[in-house]
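**Q** I am attaching a structure below and will ask some questions about it afterwards.
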Amino acid sequence: MIADQLRLIDTIQRLGIGYHFETEIEEALERVHDVGENSSFINIDEEGTDLYNKALRFRLLRQQGFPVSPDGFRKFMNNEGKFEQWLATDEQGLLSLYEAAHIAFNGEDILDEALSFATKSLKSMMQDKKINASFQKQIDFAFRVPAWKCVPRSLARHSIDFYSDHHDTSLQNQKLLMFAKLDFNMVQKFHQQELQELAK
């Protein structure tokens with residue numbers, strides 16, 4: 001399923017191990033892009049047209065340099081050009097939209113509106129204490145620095161902590177987490193050795 005592939009790519013990149021899979025990620029995203037927005041999201045799964053998947057697809061493709069229009073978000077907007085209020089309770093969708101909106105080009109009013117709506121809705125959720133502590137940390141981190149602007153090692157450190165606390169029972173994610181921890185420690189040790197050499 002395309003939605004599963006996108007989530008896997010996002011997890012791999014957040015954990016800081018994307019550089020091991022650059023070719024595979026590029027090829028997978030090229031297939032997602034070639035399938036096209038409408039057909040890929042009509043046939044993903046029962047919730048394939050949800051805000052989370054739409055925003056994740058947009059962000060991953062645009063981050064990778066594929067031309068992708070924000071017009072797909074119009075389906076979530078009313079006739080006045082505002083996002084539908086029922087979306088204000090979709091925490092995962094809002095966070096995904098928030099991160100996607102940060103990859104806007106000048107003049108993309110849809111993404112300006114998306115950023116405003118997502119920010120306001122997420123802050124409201126936080127004030128009303130309608131989210132769990134784990135997700136609150138995700139929002140706090142995203143508000144400090146959106147994923148695509150974040151230094152990869154910093155995002156990896158945060159994501160390793162998040163996925164460790166998240167208690168995901170998926171064997172695939174457990175293996176990715178274990179690999180990410182090993183990779184993070186190896187890279188950190190390598191940098192420490194480099195610093196020692198420079199200090200000499």
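Just remember, in the structure tokens the first chain shown is A, the second B, etc., residues are 1-based per chain, and ligands are 1-based in the order shown.
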Hey, could you make a per-residue contact list for stretch 126-188 of chain A against stretch 3-24 of chain A with 8 Å as the cut-off, showing the nearest pair of atoms and its distance in Å to one decimal, counting only C-alpha atoms, sorted by chain and number, as CSV?
**A**
residue,atom,partner,partner_atom,distance
A:Ala147,CA,A:Arg14,CA,7.7
A:Pro152,CA,A:Gly16,CA,6.0
A:Arg153,CA,A:Gly16,CA,6.4
A:Leu155,CA,A:Arg14,CA,6.1
A:Ala156,CA,A:Leu15,CA,4.4
A:Arg157,CA,A:Leu15,CA,7.5
A:Ser159,CA,A:Leu15,CA,5.6
A:Ile160,CA,A:Leu15,CA,6.1
A:Leu176,CA,A:Ile12,CA,7.3
A:Leu177,CA,A:Leu15,CA,7.3
A:Ala180,CA,A:Leu15,CA,5.8
A:Asp183,CA,A:Ile17,CA,7.3
A:Phe184,CA,A:Gly16,CA,7.6
**Q** Rank A:Glu113, A:Glu99, A:Glu80, A:Asp165 by their smallest atom-to-atom distance to A:Phe141, using only C-alpha atoms, and report the top residue only.
**A** A:Glu99
**Q** Within 8 Å of stretch 50-57 of chain A, counting only C-alpha atoms, which residues qualify if same-chain residues fewer than 2 places away don't, as a list in words?
**A**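 The contact residues come out as Ala3, Leu6, Arg7, Phe41, Glu47, Gly48, Arg59, Leu60, Leu61, Gly72, Phe73, Phe76, Gln92, Gly93, Leu94, Leu95, Ser96, Leu97 and Ala100 of chain A.
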**Q** Mind the document's chain letters and residue numbers, and return as an MDAnalysis selection string the residues of stretch 57-185 of chain A that DSSP labels alpha helix (DSSP H).
**A** chainID A and resid 57:63 91:101 109:127 133:144 152:166 171:185
**Q** Which of these, A:Ser164, A:Gln85, A:Asn132, A:Gln64, has the shortest distance to A:Lys181 once you count only C-alpha atoms?
**A**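 Residue with the minimum atom-to-atom distance to A:Lys181: A:Ser164.
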**Q** Given only C-alpha atoms as the basis, pick out the residue of A:Asn173, A:Ile131, A:Leu122, A:Phe58 nearest to A:Asp71.
**A** A:Phe58
**Q** Give me, please, the distance in Å between atom CA of A:Ala142 and atom CA of A:Asp112, quoted to one decimal.
**A**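 Pair atom CA of A:Ala142 / atom CA of A:Asp112 returns 16.7 Å.
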**Q** State, in Å with one decimal place, the distance from atom CA of A:Gly81 to atom CA of A:Lys123.
**A** 21.2 Å
**Q** If I take atom CA of A:Cys150 and atom CA of A:Met77, how far is one from the other in Å, to one decimal?
**A**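 If I compute the distance from atom CA of A:Cys150 to atom CA of A:Met77, I get 28.9 Å.
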**Q** Name all residues at most 12 Å from A:Lys82 (count only C-alpha atoms; drop same-chain ones fewer than 6 positions away) and give them as JSON, numbers by chain.
**A** {"A": [73, 74, 75, 76, 88, 109, 110, 111, 112, 113, 114, 115, 116, 117, 118]}
**Q** The selected residues should be written to file as a CSV table (one decimal), in the first residue's frame (atoms: N, CA, C and O atoms).
**A**
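Wrote result-v7.csv, looks like this:
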chain,number,residue,atom,x,y,z
A,73,PHE,N,-5.1,19.9,-1.3
A,73,PHE,CA,-5.6,20.2,0.1
A,73,PHE,C,-7.0,20.9,0.0
A,73,PHE,O,-7.7,21.1,1.0
A,74,ARG,N,-7.4,21.3,-1.2
A,74,ARG,CA,-8.6,22.0,-1.4
A,74,ARG,C,-9.8,21.2,-1.0
A,74,ARG,O,-10.8,21.7,-0.5
A,75,LYS,N,-9.7,19.9,-1.1
A,75,LYS,CA,-10.8,19.0,-0.7
A,75,LYS,C,-11.1,19.1,0.8
A,75,LYS,O,-12.2,18.6,1.2
A,76,PHE,N,-10.2,19.6,1.6
A,76,PHE,CA,-10.4,19.8,3.0
A,76,PHE,C,-10.8,21.2,3.4
A,76,PHE,O,-10.9,21.5,4.5
A,88,ALA,N,-10.1,20.0,13.0
A,88,ALA,CA,-9.4,20.6,14.2
A,88,ALA,C,-9.3,19.5,15.3
A,88,ALA,O,-8.6,19.8,16.2
A,109,ASP,N,-1.1,30.3,-1.3
A,109,ASP,CA,-2.0,30.7,-0.3
A,109,ASP,C,-2.6,29.6,0.5
A,109,ASP,O,-2.9,29.7,1.7
A,110,ILE,N,-2.8,28.4,-0.2
A,110,ILE,CA,-3.4,27.3,0.4
A,110,ILE,C,-2.5,26.8,1.6
A,110,ILE,O,-3.0,26.5,2.7
A,111,LEU,N,-1.2,26.9,1.4
A,111,LEU,CA,-0.3,26.4,2.4
A,111,LEU,C,-0.2,27.5,3.5
A,111,LEU,O,0.1,27.1,4.7
A,112,ASP,N,-0.3,28.7,3.2
A,112,ASP,CA,-0.3,29.8,4.2
A,112,ASP,C,-1.5,29.5,5.2
A,112,ASP,O,-1.4,29.6,6.4
A,113,GLU,N,-2.7,29.2,4.5
A,113,GLU,CA,-3.9,29.0,5.3
A,113,GLU,C,-3.7,27.7,6.1
A,113,GLU,O,-4.2,27.6,7.3
A,114,ALA,N,-3.1,26.7,5.5
A,114,ALA,CA,-2.9,25.4,6.2
A,114,ALA,C,-2.0,25.6,7.4
A,114,ALA,O,-2.3,25.1,8.5
A,115,LEU,N,-1.0,26.4,7.3
A,115,LEU,CA,-0.1,26.6,8.4
A,115,LEU,C,-0.8,27.4,9.6
A,115,LEU,O,-0.7,27.0,10.7
A,116,SER,N,-1.6,28.4,9.2
A,116,SER,CA,-2.4,29.1,10.2
A,116,SER,C,-3.4,28.2,10.9
A,116,SER,O,-3.5,28.2,12.1
A,117,PHE,N,-4.1,27.4,10.1
A,117,PHE,CA,-5.1,26.6,10.7
A,117,PHE,C,-4.5,25.5,11.6
A,117,PHE,O,-5.0,25.2,12.7
A,118,ALA,N,-3.5,24.8,11.1
A,118,ALA,CA,-2.8,23.7,11.9
A,118,ALA,C,-2.2,24.3,13.2
A,118,ALA,O,-2.4,23.7,14.2
